[in-house]
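Data block below; observations after.
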Amino acid sequence: MFIAIDETKCMGHGRCYAVAPELLTDDDEGFVAERGRCWEIPADLVGEAQDAADACPEGAIVVTETAPADA
Amino acid sequence: MTQTRRGCPVSHTDYTGHAPLHQHYAMLDADREQDRFLFNDTTDRGFFMLQRYDDVQAGFQQHETWTTAVRSALRPETGEPLLPQDLNGQPHVKLRRILNQFFAPAAVRRMEPMAQQRCIELIEEMKDQGECDFVQEFAIRYPTDMFLALLGLPVSDGEQFLEWSDDYFGALLAGDPGRAEAAKASIMKYFDEAVTERRANPRDPKEDMVSRLVEARIDEEELTHDEILTICLTLMLAGLDTTRSALGYIYTHLAQNPADRQALVDDPTLIPKAVEEFLRLYPLVFQAGREVQEPQDFNGLQVEKGDVVWLGIAQANRDPRKFENPDEFDVLRPNVNQHIAFGGGPHRCLGMHLARLELKVVLEEWHRRIPEYRIKPGTELTERGVQLSMPTLPLEWEV
């Protein structure tokens, strides 16, 4: 499973790293530090990744089976 | 209903008056369920209402062509300059970058011990009275003190400051420019002295917001003194009445729903989720405005340059298409974090994390000390329109 965070959509609501603290971290301005990245989720954190995607009010986080073609 | 405007049914619902408590939510729900888009004709310019969750969220993300030249659909002509929200595009992003670090979760966590201490002091001061007007005495004083602390000013100024800010805010919402100017003059003088003092005696700009504003450069230009004062005024306008108002609705709910109150007393770890659910259920900034800069087809709604658009925050938060049983308070709902009480897009509320902290700390510390309370019998509960707030909430408890 892969997680991708759209840098242009992330507005620093901070919900994702609040629900997925082992997968995501915050930067000094309150944005998720991993924004703009796409990576394979460690197997034990797939649940957290899905929670993070579900928590984002901007729809900036996508969890997919396979790596997106443009990643 | 046969009357339409550009294909939208026309709504005459007036959202600016006083009403019995919670009536605005009923009006907002009724408008949302009448049709996907409405044109409301109760203001001079009128406004197109976006009301469903998906439309409101998409509306906030239209920031390149829908700007804050209008900030409130209900008060499109309000002349009060605000920063950073009057800016759009890159100038907005640059100023937000300077301010973000003082409002990010990491910065807010550093304020938590002070937030707890001040909250405890205020509760202890009145606990033995056995009663208070919760919104007038406690729920406004606490965020006022926190605001002063954020600016590095003494909380002992809170009482005086509160008088000015209350007067100013009330006059602005009532659309009374004369009274607003007079109240504003006292506040600006106070900020002017504070900023001038900080210019003379700068503190660590990583920790002290005013010092940071004084030394900040945007494209190599300093912020002007007036801009810094406007930022201070904006933070005050954004953070005080809103927090009071949120606390008023939350404590009304808890006083009227003892099972929900008892759940938080028994298990305080539920409080952060409860805060999110309260924000979803009782948003007080129930709409944001935007001004359209380019003609566009927005999901079938034809908008023209100069149109005013209403982004129905409360309607989105209570949209049954998004939130199951939207009128129910349910801390365990799976999408509790997706509410948009703080707006969305680049203008999303700067103070959202501080607001969350304040609400959490109040709920924790209050219920530790005053776990049971009730609304004074015979009280008629009402709310103010435009931006919801309760004028009074008398609470009683056993001493």
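For the structure tokens, the naming scheme is as follows: chains receive sequential letters (A, B, ...) according to their order of presentation, residues are indexed from 1 within each chain, and ligands are indexed from 1 in presentation order.
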
Would you list which chain A residues are within 8 Å of chain B using only C-alpha atoms, as a PDB file with N, CA and C atoms, in the first residue's frame?
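This went into out.pdb:
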```pdb
ATOM      1  N   LYS A   9      -2.568  20.763  -1.882  1.00  0.00           N
ATOM      2  CA  LYS A   9      -3.842  20.731  -1.158  1.00  0.00           C
ATOM      3  C   LYS A   9      -3.661  20.850   0.350  1.00  0.00           C
ATOM      4  N   MET A  11      -3.137  22.169   3.816  1.00  0.00           N
ATOM      5  CA  MET A  11      -3.254  23.525   4.339  1.00  0.00           C
ATOM      6  C   MET A  11      -2.913  23.592   5.826  1.00  0.00           C
ATOM      7  N   HIS A  13      -4.036  21.676   8.473  1.00  0.00           N
ATOM      8  CA  HIS A  13      -5.076  21.426   9.490  1.00  0.00           C
ATOM      9  C   HIS A  13      -4.531  20.568  10.637  1.00  0.00           C
ATOM     10  N   GLY A  14      -3.523  19.755  10.325  1.00  0.00           N
ATOM     11  CA  GLY A  14      -2.871  18.993  11.393  1.00  0.00           C
ATOM     12  C   GLY A  14      -3.652  17.801  11.896  1.00  0.00           C
ATOM     13  N   ARG A  15      -4.665  17.395  11.169  1.00  0.00           N
ATOM     14  CA  ARG A  15      -5.456  16.242  11.615  1.00  0.00           C
ATOM     15  C   ARG A  15      -4.709  14.936  11.353  1.00  0.00           C
ATOM     16  N   ASP A  26       4.912  16.615  12.126  1.00  0.00           N
ATOM     17  CA  ASP A  26       4.599  18.004  11.795  1.00  0.00           C
ATOM     18  C   ASP A  26       5.876  18.832  11.706  1.00  0.00           C
ATOM     19  N   ASP A  28       7.612  22.959  11.647  1.00  0.00           N
ATOM     20  CA  ASP A  28       7.495  24.129  12.531  1.00  0.00           C
ATOM     21  C   ASP A  28       6.270  24.988  12.236  1.00  0.00           C
ATOM     22  N   GLU A  29       5.792  24.913  10.989  1.00  0.00           N
ATOM     23  CA  GLU A  29       4.634  25.733  10.627  1.00  0.00           C
ATOM     24  C   GLU A  29       3.321  24.992  10.788  1.00  0.00           C
ATOM     25  N   GLY A  30       3.393  23.717  11.195  1.00  0.00           N
ATOM     26  CA  GLY A  30       2.167  22.967  11.424  1.00  0.00           C
ATOM     27  C   GLY A  30       1.710  22.138  10.236  1.00  0.00           C
ATOM     28  N   ASP A  54      -8.546   9.624   5.937  1.00  0.00           N
ATOM     29  CA  ASP A  54      -9.942   9.903   6.315  1.00  0.00           C
ATOM     30  C   ASP A  54     -10.072  11.191   7.120  1.00  0.00           C
ATOM     31  N   ALA A  55      -8.992  11.605   7.789  1.00  0.00           N
ATOM     32  CA  ALA A  55      -9.069  12.762   8.682  1.00  0.00           C
ATOM     33  C   ALA A  55      -8.834  14.087   7.965  1.00  0.00           C
ATOM     34  N   CYS A  56      -8.364  14.043   6.728  1.00  0.00           N
ATOM     35  CA  CYS A  56      -7.959  15.296   6.078  1.00  0.00           C
ATOM     36  C   CYS A  56      -9.165  16.048   5.517  1.00  0.00           C
ATOM     37  N   PRO A  57      -9.412  17.267   6.000  1.00  0.00           N
ATOM     38  CA  PRO A  57     -10.565  18.023   5.484  1.00  0.00           C
ATOM     39  C   PRO A  57     -10.347  18.571   4.080  1.00  0.00           C
ATOM     40  N   GLU A  58      -9.120  18.481   3.559  1.00  0.00           N
ATOM     41  CA  GLU A  58      -8.852  18.996   2.207  1.00  0.00           C
ATOM     42  C   GLU A  58      -8.778  17.868   1.175  1.00  0.00           C
TER      43      GLU A  58
END
```

### Query
When DSSP works through the backbone of this structure, what residues of chain A end up as helix (DSSP H, G or I), shown as a list of chain:residue names?
A:Arg15, A:Cys16, A:Tyr17, A:Ala18, A:Val19, A:Ala43, A:Asp44, A:Leu45, A:Val46, A:Gly47, A:Glu48, A:Ala49, A:Gln50, A:Asp51, A:Ala52, A:Ala53, A:Asp54, A:Ala55

Please save C-alpha atoms of the selected residues as a PDB file, in the first residue's frame.
```pdb
ATOM      1  CA  ARG A  15      -5.456  16.242  11.615  1.00  0.00           C
ATOM      2  CA  CYS A  16      -3.327  13.598   9.825  1.00  0.00           C
ATOM      3  CA  TYR A  17      -0.324  13.556  12.121  1.00  0.00           C
ATOM      4  CA  ALA A  18      -2.655  13.774  15.124  1.00  0.00           C
ATOM      5  CA  VAL A  19      -4.274  10.450  14.151  1.00  0.00           C
ATOM      6  CA  ALA A  43       2.651  -3.062   6.772  1.00  0.00           C
ATOM      7  CA  ASP A  44       1.843  -2.373  10.435  1.00  0.00           C
ATOM      8  CA  LEU A  45       0.933   1.275   9.722  1.00  0.00           C
ATOM      9  CA  VAL A  46      -1.592   0.789   6.926  1.00  0.00           C
ATOM     10  CA  GLY A  47      -4.415   1.419   9.393  1.00  0.00           C
ATOM     11  CA  GLU A  48      -2.866   4.688  10.516  1.00  0.00           C
ATOM     12  CA  ALA A  49      -2.403   5.726   6.895  1.00  0.00           C
ATOM     13  CA  GLN A  50      -6.070   5.140   6.158  1.00  0.00           C
ATOM     14  CA  ASP A  51      -7.033   7.102   9.295  1.00  0.00           C
ATOM     15  CA  ALA A  52      -4.837   9.985   8.133  1.00  0.00           C
ATOM     16  CA  ALA A  53      -6.486  10.026   4.723  1.00  0.00           C
ATOM     17  CA  ASP A  54      -9.942   9.903   6.315  1.00  0.00           C
ATOM     18  CA  ALA A  55      -9.069  12.762   8.682  1.00  0.00           C
TER      19      ALA A  55
END
```

Would you list the contacts of range 4-20 of chain B as a CSV table (one decimal) with N, CA and C atoms, in the first residue's frame, taking every protein, DNA or RNA residue within 12 Å and counting only C-alpha atoms, but skipping same-chain residues closer than 4 positions in sequence?
```
chain,number,residue,atom,x,y,z
B,24,HIS,N,-30.8,29.2,14.2
B,24,HIS,CA,-30.1,29.4,13.0
B,24,HIS,C,-29.8,28.1,12.3
B,25,TYR,N,-29.4,27.1,13.1
B,25,TYR,CA,-29.1,25.8,12.5
B,25,TYR,C,-30.3,25.2,11.8
B,26,ALA,N,-31.5,25.4,12.4
B,26,ALA,CA,-32.7,24.9,11.7
B,26,ALA,C,-32.9,25.6,10.4
B,27,MET,N,-32.7,27.0,10.4
B,27,MET,CA,-32.9,27.7,9.2
B,27,MET,C,-31.8,27.3,8.1
B,28,LEU,N,-30.6,27.1,8.5
B,28,LEU,CA,-29.5,26.7,7.6
B,28,LEU,C,-29.8,25.3,7.0
B,29,ASP,N,-30.3,24.4,7.9
B,29,ASP,CA,-30.6,23.0,7.4
B,29,ASP,C,-31.8,23.1,6.4
B,30,ALA,N,-32.8,23.9,6.7
B,30,ALA,CA,-33.9,24.0,5.8
B,30,ALA,C,-33.5,24.6,4.4
B,31,ASP,N,-32.6,25.6,4.4
B,31,ASP,CA,-32.2,26.1,3.1
B,31,ASP,C,-31.4,25.1,2.4
B,32,ARG,N,-30.5,24.4,3.1
B,32,ARG,CA,-29.7,23.4,2.4
B,32,ARG,C,-30.5,22.3,1.7
B,33,GLU,N,-31.6,21.9,2.4
B,33,GLU,CA,-32.4,20.8,1.9
B,33,GLU,C,-33.4,21.3,0.8
B,34,GLN,N,-33.6,22.6,0.7
B,34,GLN,CA,-34.5,23.1,-0.3
B,34,GLN,C,-34.0,22.9,-1.7
B,35,ASP,N,-32.7,23.3,-1.9
B,35,ASP,CA,-32.0,23.1,-3.2
B,35,ASP,C,-30.5,23.2,-3.0
B,36,ARG,N,-29.8,22.6,-4.0
B,36,ARG,CA,-28.4,22.5,-3.9
B,36,ARG,C,-27.8,24.0,-3.8
B,37,PHE,N,-28.2,24.8,-4.7
B,37,PHE,CA,-27.7,26.2,-4.7
B,37,PHE,C,-28.9,27.2,-4.6
B,38,LEU,N,-28.8,28.2,-3.8
B,38,LEU,CA,-29.8,29.2,-3.6
B,38,LEU,C,-29.2,30.6,-3.9
B,39,PHE,N,-30.1,31.5,-4.3
B,39,PHE,CA,-29.7,32.9,-4.3
B,39,PHE,C,-30.4,33.6,-3.1
B,40,ASN,N,-29.6,34.2,-2.2
B,40,ASN,CA,-30.3,34.9,-1.0
B,40,ASN,C,-30.3,36.4,-1.3
B,41,ASP,N,-31.5,37.0,-1.1
B,41,ASP,CA,-31.7,38.4,-1.5
B,41,ASP,C,-31.8,39.3,-0.3
B,42,THR,N,-31.3,38.9,0.9
B,42,THR,CA,-31.5,39.7,2.1
B,42,THR,C,-30.5,40.8,2.3
B,43,THR,N,-29.4,40.8,1.4
B,43,THR,CA,-28.4,41.9,1.5
B,43,THR,C,-28.5,42.7,0.2
B,46,GLY,N,-26.7,40.6,-2.4
B,46,GLY,CA,-27.2,39.2,-2.4
B,46,GLY,C,-26.0,38.3,-2.5
B,47,PHE,N,-26.3,37.0,-2.4
B,47,PHE,CA,-25.2,36.0,-2.5
B,47,PHE,C,-25.7,34.6,-2.9
B,48,PHE,N,-24.9,33.9,-3.6
B,48,PHE,CA,-25.2,32.5,-4.0
B,48,PHE,C,-24.7,31.6,-2.9
B,49,MET,N,-25.6,30.7,-2.5
B,49,MET,CA,-25.3,29.9,-1.3
B,49,MET,C,-24.9,28.5,-1.7
B,50,LEU,N,-23.6,28.2,-1.3
B,50,LEU,CA,-23.1,26.8,-1.5
B,50,LEU,C,-23.3,26.1,-0.1
B,72,SER,N,-17.3,38.0,4.4
B,72,SER,CA,-18.6,37.5,4.9
B,72,SER,C,-19.7,37.8,3.9
B,73,ALA,N,-20.4,36.8,3.5
B,73,ALA,CA,-21.5,37.1,2.5
B,73,ALA,C,-22.5,38.0,3.1
B,74,LEU,N,-22.7,38.0,4.5
B,74,LEU,CA,-23.7,38.8,5.2
B,74,LEU,C,-23.2,40.2,5.4
B,75,ARG,N,-21.9,40.5,5.4
B,75,ARG,CA,-21.4,41.8,5.6
B,75,ARG,C,-20.3,42.1,4.5
B,173,LEU,N,-20.5,44.1,14.6
B,173,LEU,CA,-21.5,43.1,14.2
B,173,LEU,C,-22.9,43.8,14.1
B,174,ALA,N,-23.1,44.8,14.9
B,174,ALA,CA,-24.3,45.6,14.8
B,174,ALA,C,-24.3,46.6,13.7
B,175,GLY,N,-23.2,46.7,13.0
B,175,GLY,CA,-23.1,47.7,11.9
B,175,GLY,C,-23.2,49.1,12.4
B,285,VAL,N,-19.0,30.4,13.3
B,285,VAL,CA,-18.8,31.1,12.1
B,285,VAL,C,-19.5,30.2,11.1
B,286,PHE,N,-20.8,30.5,10.8
B,286,PHE,CA,-21.6,29.5,10.1
B,286,PHE,C,-21.5,29.7,8.5
B,287,GLN,N,-20.8,30.8,8.1
B,287,GLN,CA,-20.5,31.0,6.7
B,287,GLN,C,-19.3,31.8,6.5
B,297,ASP,N,-18.3,28.1,-14.5
B,297,ASP,CA,-19.3,27.1,-14.2
B,297,ASP,C,-18.8,26.3,-13.0
B,300,GLY,N,-22.3,23.4,-12.1
B,300,GLY,CA,-23.6,23.7,-12.7
B,300,GLY,C,-24.1,25.1,-12.3
B,301,LEU,N,-23.5,25.7,-11.3
B,301,LEU,CA,-23.8,27.1,-10.9
B,301,LEU,C,-23.0,28.1,-11.7
B,302,GLN,N,-23.7,29.0,-12.5
B,302,GLN,CA,-23.0,29.9,-13.3
B,302,GLN,C,-22.7,31.2,-12.4
B,303,VAL,N,-21.4,31.4,-12.2
B,303,VAL,CA,-21.1,32.6,-11.4
B,303,VAL,C,-20.4,33.6,-12.3
B,304,GLU,N,-20.6,34.9,-12.0
B,304,GLU,CA,-20.0,36.0,-12.8
B,304,GLU,C,-19.1,36.8,-11.9
B,307,ASP,N,-19.8,38.5,-8.3
B,307,ASP,CA,-20.8,37.8,-7.4
B,307,ASP,C,-20.2,37.6,-6.0
B,310,TRP,N,-21.5,32.5,-0.8
B,310,TRP,CA,-21.6,32.1,0.6
B,310,TRP,C,-21.1,30.6,0.7
B,312,GLY,N,-21.2,27.7,3.0
B,312,GLY,CA,-22.0,27.4,4.2
B,312,GLY,C,-21.4,26.4,5.1
B,379,THR,N,-34.3,30.4,32.5
B,379,THR,CA,-33.5,31.2,31.6
B,379,THR,C,-34.0,31.0,30.2
B,380,GLU,N,-34.1,32.1,29.5
B,380,GLU,CA,-34.5,32.1,28.1
B,380,GLU,C,-33.2,32.2,27.3
B,381,LEU,N,-32.8,31.1,26.6
B,381,LEU,CA,-31.6,31.1,25.9
B,381,LEU,C,-31.8,31.6,24.4
B,382,THR,N,-30.9,32.5,24.0
B,382,THR,CA,-31.0,33.1,22.7
B,382,THR,C,-29.6,33.1,22.0
B,383,GLU,N,-29.6,33.5,20.7
B,383,GLU,CA,-28.4,33.6,20.0
B,383,GLU,C,-28.4,34.8,19.1
B,384,ARG,N,-27.2,35.3,18.8
B,384,ARG,CA,-27.1,36.4,17.9
B,384,ARG,C,-26.7,35.9,16.5
B,385,GLY,N,-27.3,36.5,15.5
B,385,GLY,CA,-27.0,36.1,14.1
B,385,GLY,C,-25.6,36.6,13.6
B,386,VAL,N,-25.4,36.6,12.3
B,386,VAL,CA,-24.2,37.0,11.6
B,386,VAL,C,-23.1,36.0,11.9
B,387,GLN,N,-22.7,36.0,13.2
B,387,GLN,CA,-21.7,35.0,13.7
B,387,GLN,C,-22.2,34.7,15.1
B,388,LEU,N,-22.6,33.4,15.2
B,388,LEU,CA,-23.4,33.0,16.4
B,388,LEU,C,-22.7,33.3,17.7
B,389,SER,N,-23.4,33.7,18.7
B,389,SER,CA,-22.9,33.9,20.1
B,389,SER,C,-24.1,34.0,21.0
B,390,MET,N,-23.9,33.5,22.2
B,390,MET,CA,-25.0,33.5,23.2
B,390,MET,C,-24.8,34.7,24.1
B,391,PRO,N,-25.8,35.6,24.2
B,391,PRO,CA,-25.6,36.8,25.1
B,391,PRO,C,-25.4,36.4,26.6
```

### Task
Would you return as a count of residues only the members of chain A that DSSP assigns to strand (DSSP E or B) on this structure's backbone?
13

### Query
Quick one: distance from CA of Val195 in chain B to CA of Arg71 in chain B in Å, one decimal?
27.0 Å
